[in-house]
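So the structure is just underneath, and the comments pick up after that.
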Amino acid sequence: MDNSRGKQMLLQLKQKWVFKALLIHLLIATSLSIIATVLVYKIYSASLLWSLPFLVTVFLITMLVYKNWKLTEWDVSRFLNVTKPTLEESTDLLLTPTVSLNFLEQLQARKVETELAAIIPPDPFKRQFITSLIVLLVAIIVGGILWQAPLNSSHLNTSATPNSPINYISEIILPEIKNTNLIVTPPAYTGKTARQQNRFNVVAEEGAIVSWQITTNVAAKKVKLIFNNGFVLSLNTDNKHLVWRTQKVIKGPGFYQVKVNNKLSELYKIESVKDQPPTITLQSPPPSTTINYGEPERVAAKVTLADDYSITAANISATISSGQGEAVKFKEQKLVFENFAAGRREYQLQKLIDCKALGMQPGDELYFFITAVDNHKQETRSEVYIVTLQDTTDLMSMDGMATSLDIKPELFRSQRQIIIETEQLIKDKATITPEAFKNKSNDLGTDQKLLRLRYGKFLGEETDNEIGGDYHDEHDHEKSNTENANKILDQYSHKHDNTEDATFFDAATKKQLKATLNEMWSAELKLRTFLPKEALPFEYKALKLLKDLQQKSRAYVPKTGFKSTPLKLDKRLTGDLTKINQPVTKQSIQKPEATATNTRRALGILEQLKASGEIDASSKEMLQQAFHQLSIRAANQPSMYLLSLSALRKVLNENFRVRDIKNAEQGLQKMVAPPDKLPYPTGNAAMNLSKHYFLNLNKGNR
Amino acid sequence: MYWNFLVIVLCLLLVAILIWREVKRRNKLWLAARIIASVLSIISLACLALPITIPHTLKETNSASSILITEGYDDDSIRRILHDNPGAKVYTTDKNIKYSKATYTPDVNTINSDNSAPIHIVGFGLRESELNLLKKSSILLHPSNIKNAITSVTWRQKIVLGGPFIVQGRFNNTASSPVKIVLSGFNTNLDSTTIAANKASNFQLTTIPKHLDKAVYNITVLSSTDTLENEPVPIEVNSTQPLSILMLASSPDFENKFLKNWLSANRYKLVVRTTITQNKYDKEYLNMSPISSDRITPSLLNNFDVIIADASTLKSLPASDLATVKNYIDNKGVGLIVKADTLIASSAFYSRSFPLIETRDSIGHVVKLNVNDTGLTSTLKIEQPLYIRTVAGTQPLIKDQQSRVVASSKLQGSGKVILTTVNNSFSWQLAGNTQDYSSYWTLLLTKAAKKVPLEEVWSVSPSISQVDQEVHLKLQITKPGIPQVQAGADVVPMEQHPFLPYKWTGTYWPQKTGWKPLINQQGATTWWYVYDKNDWKGVIATDKIRATKRYAADHPFDSTELSISTTKTTTEIPKTYFFILFAISAGFLWFEKKFNNK
């Protein structure tokens, strides 16, 4: 006797129901996470991948809240007992082991088993399932609507970029105009498509074509557009005189009016967006580079290019100058960036300029600049950068030293000697023993040290432990001192009394000497560590600096004693000055009454107008002039001043309200610069009584 | 009496009928209660119709005091005064006050019929003009608090172009949210400040007006939700008149050169005399025709308002020239600005009051100057700066960040001598800090400049003169004769001060708000502003409280004048109690009938 078949059926039923419950949870979770993801995407522009964590979290939460998936077979039997009367409340018998059943129960179990196979199993989750399906459908629809809706802030911006503030200013249009349709076709270089708007205020790229289509509600005789520079554009029409069309290329900012028959509209703004030339920023190299002997003869040019639309070309123009004096020769070359491909807005470019490949010899100089062209054929050039290859032979020349004015020859010769011997040592390295090589290198180091110490004496450094002091470039510090009045005074004054500089040398010479000592120290270090090849660049540099010093010293003129005839003190300051003419300068600065003053007065007049409501002739003239100034401003910055301009025009036409005065005042107030502070005479109530008092007070004092 | 009798008879009849009906009713439930309720209801009905009073004894003064309700009153204080002074009569002079018991009287004078009793004034009090009508009767003020309003405010109505316009005041914020005070003009917000919640604090708003001539700015008080106050701030900006200046220099230097360029570019008249050698000068005449300036003579000095000189020039001036300079400062009011250095002759008249303190270190001092207390300027590098020790009789003008004086002034006769130790103010110009440069020299030159004698000086009181209120016009005039004054089209007769013959006063009631011209037929037009009735209510209230308090202090109430007697009086019991009783008993009867019939 076995009721396992019935039990099996119940277990199957349980499995089916648990699956269905889980499915319902999943459906609900999906619908909730759809809405949440769309909202997060729209508001915070977050990634769509957020839907996965949402789904998991919502699913887990619903599972924890509604535990209907935690079914047991007993639950199933109980449910069947309740819903199916034919089972006679005995399905649980199928779940109890047959052994523990008595005979009657076994009979009943068998009956129920057959009954169970016969009935259509009920579905307790049917309604929930249908509901969750509906929820999912609703969620998908709501999600779709949200997706379309402009909730996203960045989404708003992108759609409004070409005409940002203007879109939100309400426009007053003539009653005769039924509607208007403006098509702004940006010029080709912008790569933008034409856009349409139904308002008169225009924001257009420079060179854009704006076409107007104005529909009037009655047949009009003529429709014109009047621009700020006096240009009048008549519109073409169809037979019915209802639809009017024209177009114009926008070349700059301004404003215009629509004239239907003889009626003039408000002023409408035209803002033009200029195409910016490309910008070039060089991160490296510095404006001037010197490649010393021994350094790699390469320069890395790192450059950032940017443009508002796109860049079509970029290259390096390099000029090599070789030779000196009259024999100087120039060679021009164009270098291209390998990783450049036209059409992007921003570039990070790199170019390794190989001096050898360009054919540069020691002593040659390379001048280069970078050009970039955007798709509007606007070209930008960078500053000119200079790369110099050091010529070592120049340093070895004896020209400057042979002259009699050389006051430090014996000291300098040694540095050159050290270089020659170092080079000899490098040459001999293969032929001599390592021991001898090291000894020779060390000896040279000692020579270098002695030389350094001898130079140190010039700087007052007589001990070994101070090497040249700190040498650094002080140009940066001087820049920040431009405000200092003393710097300017220094150019005009003559100073004697600086104890610091009262040595053999001036400050600049000393600085260079210090730098020389630094180089010598480095050279000595390399020599003593038996690396003569690495010491060589430092030796050269030291020599170069010494050479420069020597060149400077050639301008040196020694002071000589001067004996004057003794002064006759009684004759001092008794010279006849009658013949000396006294200079007299007469100057009259005829500064015209500033336009600012006029605008200030106009502000006062408008303020009076608020109370009186009447303009007299002289005030009107003043306002006319202010209007002229304002219209110049409005043509350049229509978004800022156009409202005030039209308000001021209404005031001048004596057809105004208080609001118009206020608007006009606002523009003038914004336009006029804050006044300067100037000294002025103060008033004093000079009553006779106080004068008497003062006079008597003075008498008393005497 | 007839009415009382009629009421009692009718009520008795009614009671009899009701009781009879109740007794006759079949359902005897609640009979006693019903009868009591009927009787009670009729009694209370009768009491509603009849005046019921309770007798009690009172201490009372021999005369009744009166209460005057003014704007801003609160009911509690009136009730309290009425409780302390029963029988006091309540008056008001303001038609807008709707207090049930108040009698409107247009004239304050009708209130104090009995001189000995004080008048209790509730609210903000009276204006000075109204107080004068009280004829010295004593008052007691019960002032109210001014809530959520600007309680005081001040600004200079007339300023010169380029100068700052400063509005200072105090706001009493009794609300639980902060308020924002905005100064605006020409449809533009110029400055603003915030007053914290539940706090009375001072505020200051500053701007540099850009317009010329008259204008009305606005002060708006905004809470988070709405506008609390919007008040007009009239302001008149006048253009500056250029000065004429004589500059004496012992050698050409940058300081003089920059000052010369700056002044002449602004169309100031200028003579610059720079010594070349003995008695030889380089002379520059800017914006004026050449005059002989080899010697300092009266005919030369007549042309100038200010002399700017360095110490060595003054030292080397011939004694007679220096005497002329001193004479012109003493008697003609010409100003002298001395640019001091260590070589200054310390006993000369121009340096006597300015003892100098030298700094002998060689470090360059970085100095920030406080010009005119408007904050520190940008830095100025001075080698070995000199400072001035303040002595009695001098006024320090410019101090550095450590409050050491670098420029100081003193009165010299009718003129002024100013000594400054700054000799490189031109570095501001070089650094592009034109603002600091101009404020430095504007302060020195404005202080030193010869005063322009004013022919007439007007003042109007109260300072916030409102439409339809008494305004006192005060005029100081140098010219003899009776001034013929017109306020707009109206002639205002002027009264001369009995002792000071140049002082004249007149009384006027303006009828229109806005700018109003004051025309003296001998002189020019002066403009003053007439405010609307509702402008600056808080400030007016403060003024009223102050005036009334002052009046109360001047006319104290002497209680010994009043004899106190005890009298028996009666007070009426309020009708509401009887109405409630009637409602309860009638309600019971109705309810009982409904309940028992069920």
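Ordered as shown in the structure tokens, chains take letters A, B, and onward, while each chain numbers its residues from 1 and ligands are numbered from 1 in the order shown.
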Using only C-alpha atoms, what does the table of chain A residues within 6 Å of chain B look like, with each row giving the shortest atom pair and its distance in Å to one decimal, sorted by chain and ascending number, as JSON lines?
{"residue": "A:Glu483", "atom": "CA", "partner": "B:Ala431", "partner_atom": "CA", "distance": 5.1}
{"residue": "A:Ala485", "atom": "CA", "partner": "B:Ser427", "partner_atom": "CA", "distance": 5.4}
{"residue": "A:Gln582", "atom": "CA", "partner": "B:Tyr281", "partner_atom": "CA", "distance": 5.8}
{"residue": "A:Pro583", "atom": "CA", "partner": "B:Asp282", "partner_atom": "CA", "distance": 5.1}
{"residue": "A:Val584", "atom": "CA", "partner": "B:Lys283", "partner_atom": "CA", "distance": 4.8}
{"residue": "A:Thr585", "atom": "CA", "partner": "B:Glu284", "partner_atom": "CA", "distance": 4.6}
{"residue": "A:Lys586", "atom": "CA", "partner": "B:Tyr285", "partner_atom": "CA", "distance": 4.7}
{"residue": "A:Gln587", "atom": "CA", "partner": "B:Leu286", "partner_atom": "CA", "distance": 4.8}
{"residue": "A:Ser588", "atom": "CA", "partner": "B:Asn287", "partner_atom": "CA", "distance": 4.2}
{"residue": "A:Arg600", "atom": "CA", "partner": "B:His211", "partner_atom": "CA", "distance": 4.1}
{"residue": "A:Arg601", "atom": "CA", "partner": "B:Leu212", "partner_atom": "CA", "distance": 5.0}
{"residue": "A:Leu603", "atom": "CA", "partner": "B:His211", "partner_atom": "CA", "distance": 5.6}
{"residue": "A:Gly604", "atom": "CA", "partner": "B:Asp213", "partner_atom": "CA", "distance": 5.2}
{"residue": "A:Glu607", "atom": "CA", "partner": "B:Ala215", "partner_atom": "CA", "distance": 5.4}
{"residue": "A:Lys662", "atom": "CA", "partner": "B:Asn187", "partner_atom": "CA", "distance": 5.6}
{"residue": "A:Glu665", "atom": "CA", "partner": "B:Phe186", "partner_atom": "CA", "distance": 5.1}
{"residue": "A:Gln666", "atom": "CA", "partner": "B:Asn187", "partner_atom": "CA", "distance": 5.3}
{"residue": "A:Pro674", "atom": "CA", "partner": "B:Lys210", "partner_atom": "CA", "distance": 5.7}
{"residue": "A:Pro675", "atom": "CA", "partner": "B:Gly162", "partner_atom": "CA", "distance": 4.9}
{"residue": "A:Asp676", "atom": "CA", "partner": "B:Gly162", "partner_atom": "CA", "distance": 5.1}
{"residue": "A:Lys677", "atom": "CA", "partner": "B:Gly162", "partner_atom": "CA", "distance": 4.5}
{"residue": "A:Leu678", "atom": "CA", "partner": "B:Thr442", "partner_atom": "CA", "distance": 5.4}
{"residue": "A:Pro679", "atom": "CA", "partner": "B:Thr442", "partner_atom": "CA", "distance": 4.2}
{"residue": "A:Tyr680", "atom": "CA", "partner": "B:Thr446", "partner_atom": "CA", "distance": 5.4}
{"residue": "A:Pro681", "atom": "CA", "partner": "B:Ala449", "partner_atom": "CA", "distance": 5.7}
{"residue": "A:Thr682", "atom": "CA", "partner": "B:Lys451", "partner_atom": "CA", "distance": 5.4}
{"residue": "A:Gly683", "atom": "CA", "partner": "B:Val452", "partner_atom": "CA", "distance": 4.7}
{"residue": "A:Asn684", "atom": "CA", "partner": "B:Pro453", "partner_atom": "CA", "distance": 5.0}
{"residue": "A:Ala685", "atom": "CA", "partner": "B:Leu454", "partner_atom": "CA", "distance": 4.9}
{"residue": "A:Ala686", "atom": "CA", "partner": "B:Pro453", "partner_atom": "CA", "distance": 5.2}
{"residue": "A:Met687", "atom": "CA", "partner": "B:Thr478", "partner_atom": "CA", "distance": 5.5}
May I have the selected residues written with N, CA and C atoms, as a PDB file, in the first residue's frame?
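What ended up in selection_32.pdb:
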ATOM      1  N   GLU A 483      55.627  96.171  -9.138  1.00  0.00           N
ATOM      2  CA  GLU A 483      54.868  97.211  -8.456  1.00  0.00           C
ATOM      3  C   GLU A 483      55.772  98.096  -7.607  1.00  0.00           C
ATOM      4  N   ALA A 485      58.076 100.641  -6.441  1.00  0.00           N
ATOM      5  CA  ALA A 485      58.505 101.902  -7.035  1.00  0.00           C
ATOM      6  C   ALA A 485      60.024 102.025  -7.062  1.00  0.00           C
ATOM      7  N   GLN A 582      64.275 130.958 -17.751  1.00  0.00           N
ATOM      8  CA  GLN A 582      63.457 130.044 -16.961  1.00  0.00           C
ATOM      9  C   GLN A 582      62.439 129.405 -17.887  1.00  0.00           C
ATOM     10  N   PRO A 583      62.390 128.069 -17.877  1.00  0.00           N
ATOM     11  CA  PRO A 583      61.403 127.432 -18.742  1.00  0.00           C
ATOM     12  C   PRO A 583      59.985 127.660 -18.210  1.00  0.00           C
ATOM     13  N   VAL A 584      59.101 128.007 -19.096  1.00  0.00           N
ATOM     14  CA  VAL A 584      57.690 128.184 -18.713  1.00  0.00           C
ATOM     15  C   VAL A 584      56.846 127.324 -19.653  1.00  0.00           C
ATOM     16  N   THR A 585      56.087 126.448 -19.074  1.00  0.00           N
ATOM     17  CA  THR A 585      55.198 125.616 -19.890  1.00  0.00           C
ATOM     18  C   THR A 585      53.766 126.026 -19.588  1.00  0.00           C
ATOM     19  N   LYS A 586      52.998 126.110 -20.640  1.00  0.00           N
ATOM     20  CA  LYS A 586      51.583 126.416 -20.422  1.00  0.00           C
ATOM     21  C   LYS A 586      50.782 125.354 -21.145  1.00  0.00           C
ATOM     22  N   GLN A 587      49.852 124.800 -20.435  1.00  0.00           N
ATOM     23  CA  GLN A 587      49.103 123.690 -21.022  1.00  0.00           C
ATOM     24  C   GLN A 587      47.666 123.798 -20.566  1.00  0.00           C
ATOM     25  N   SER A 588      46.764 123.578 -21.478  1.00  0.00           N
ATOM     26  CA  SER A 588      45.351 123.601 -21.116  1.00  0.00           C
ATOM     27  C   SER A 588      44.744 122.304 -21.581  1.00  0.00           C
ATOM     28  N   ARG A 600      25.071 110.435 -16.758  1.00  0.00           N
ATOM     29  CA  ARG A 600      24.707 110.661 -15.357  1.00  0.00           C
ATOM     30  C   ARG A 600      23.554 111.660 -15.266  1.00  0.00           C
ATOM     31  N   ARG A 601      23.640 112.713 -16.064  1.00  0.00           N
ATOM     32  CA  ARG A 601      22.563 113.712 -16.053  1.00  0.00           C
ATOM     33  C   ARG A 601      21.264 113.097 -16.562  1.00  0.00           C
ATOM     34  N   LEU A 603      20.294 110.128 -16.240  1.00  0.00           N
ATOM     35  CA  LEU A 603      19.706 109.346 -15.145  1.00  0.00           C
ATOM     36  C   LEU A 603      18.887 110.251 -14.227  1.00  0.00           C
ATOM     37  N   GLY A 604      19.463 111.424 -13.911  1.00  0.00           N
ATOM     38  CA  GLY A 604      18.752 112.383 -13.074  1.00  0.00           C
ATOM     39  C   GLY A 604      17.466 112.849 -13.731  1.00  0.00           C
ATOM     40  N   GLU A 607      14.751 110.308 -13.518  1.00  0.00           N
ATOM     41  CA  GLU A 607      14.235 110.258 -12.159  1.00  0.00           C
ATOM     42  C   GLU A 607      13.188 111.365 -11.969  1.00  0.00           C
ATOM     43  N   LYS A 662      11.854 102.928 -15.594  1.00  0.00           N
ATOM     44  CA  LYS A 662      12.691 102.058 -14.743  1.00  0.00           C
ATOM     45  C   LYS A 662      13.613 101.211 -15.603  1.00  0.00           C
ATOM     46  N   GLU A 665      16.345 103.355 -17.035  1.00  0.00           N
ATOM     47  CA  GLU A 665      17.324 103.692 -15.991  1.00  0.00           C
ATOM     48  C   GLU A 665      18.264 102.538 -15.728  1.00  0.00           C
ATOM     49  N   GLN A 666      17.702 101.328 -15.712  1.00  0.00           N
ATOM     50  CA  GLN A 666      18.525 100.162 -15.413  1.00  0.00           C
ATOM     51  C   GLN A 666      19.666 100.026 -16.417  1.00  0.00           C
ATOM     52  N   PRO A 674      31.468 103.728 -12.768  1.00  0.00           N
ATOM     53  CA  PRO A 674      31.399 104.421 -11.479  1.00  0.00           C
ATOM     54  C   PRO A 674      32.294 105.650 -11.500  1.00  0.00           C
ATOM     55  N   PRO A 675      31.838 106.739 -10.883  1.00  0.00           N
ATOM     56  CA  PRO A 675      32.606 107.993 -10.965  1.00  0.00           C
ATOM     57  C   PRO A 675      33.888 107.927 -10.155  1.00  0.00           C
ATOM     58  N   ASP A 676      34.882 108.722 -10.577  1.00  0.00           N
ATOM     59  CA  ASP A 676      36.134 108.817  -9.842  1.00  0.00           C
ATOM     60  C   ASP A 676      35.955 109.715  -8.627  1.00  0.00           C
ATOM     61  N   LYS A 677      36.791 109.460  -7.656  1.00  0.00           N
ATOM     62  CA  LYS A 677      36.795 110.312  -6.473  1.00  0.00           C
ATOM     63  C   LYS A 677      37.686 111.508  -6.768  1.00  0.00           C
ATOM     64  N   LEU A 678      37.202 112.709  -6.541  1.00  0.00           N
ATOM     65  CA  LEU A 678      38.011 113.893  -6.828  1.00  0.00           C
ATOM     66  C   LEU A 678      37.874 114.888  -5.687  1.00  0.00           C
ATOM     67  N   PRO A 679      38.951 115.618  -5.408  1.00  0.00           N
ATOM     68  CA  PRO A 679      38.842 116.631  -4.351  1.00  0.00           C
ATOM     69  C   PRO A 679      37.911 117.766  -4.758  1.00  0.00           C
ATOM     70  N   TYR A 680      37.253 118.342  -3.787  1.00  0.00           N
ATOM     71  CA  TYR A 680      36.303 119.409  -4.089  1.00  0.00           C
ATOM     72  C   TYR A 680      36.296 120.390  -2.920  1.00  0.00           C
ATOM     73  N   PRO A 681      35.922 121.649  -3.162  1.00  0.00           N
ATOM     74  CA  PRO A 681      35.842 122.603  -2.058  1.00  0.00           C
ATOM     75  C   PRO A 681      34.563 122.396  -1.257  1.00  0.00           C
ATOM     76  N   THR A 682      34.686 122.416   0.057  1.00  0.00           N
ATOM     77  CA  THR A 682      33.493 122.271   0.882  1.00  0.00           C
ATOM     78  C   THR A 682      32.935 123.641   1.217  1.00  0.00           C
ATOM     79  N   GLY A 683      31.681 123.649   1.555  1.00  0.00           N
ATOM     80  CA  GLY A 683      31.025 124.922   1.852  1.00  0.00           C
ATOM     81  C   GLY A 683      31.139 125.263   3.331  1.00  0.00           C
ATOM     82  N   ASN A 684      30.979 126.508   3.608  1.00  0.00           N
ATOM     83  CA  ASN A 684      31.087 126.975   4.985  1.00  0.00           C
ATOM     84  C   ASN A 684      30.094 128.120   5.151  1.00  0.00           C
ATOM     85  N   ALA A 685      29.211 127.980   6.131  1.00  0.00           N
ATOM     86  CA  ALA A 685      28.246 129.054   6.354  1.00  0.00           C
ATOM     87  C   ALA A 685      28.974 130.217   7.005  1.00  0.00           C
ATOM     88  N   ALA A 686      29.382 131.190   6.173  1.00  0.00           N
ATOM     89  CA  ALA A 686      30.199 132.288   6.680  1.00  0.00           C
ATOM     90  C   ALA A 686      29.289 133.431   7.105  1.00  0.00           C
ATOM     91  N   MET A 687      28.733 133.321   8.308  1.00  0.00           N
ATOM     92  CA  MET A 687      27.867 134.386   8.804  1.00  0.00           C
ATOM     93  C   MET A 687      28.727 135.498   9.408  1.00  0.00           C
TER      94      MET A 687
END
Residues at most 9 Å from Ser224 in chain B, counting only C-alpha atoms, excluding those fewer than 5 positions away in the same chain, as a PyMOL selection string? chain B and resi 177-180
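Compared by their closest atoms to Ala188 in chain A, and using only C-alpha atoms, the residues A:Lys377, A:Lys438, A:Lys544, A:Lys670 rank with A:Lys377 nearest.
Atom pair CA of Ile24 in chain A / CA of Lys67 in chain A: separated by 12.0 Å.
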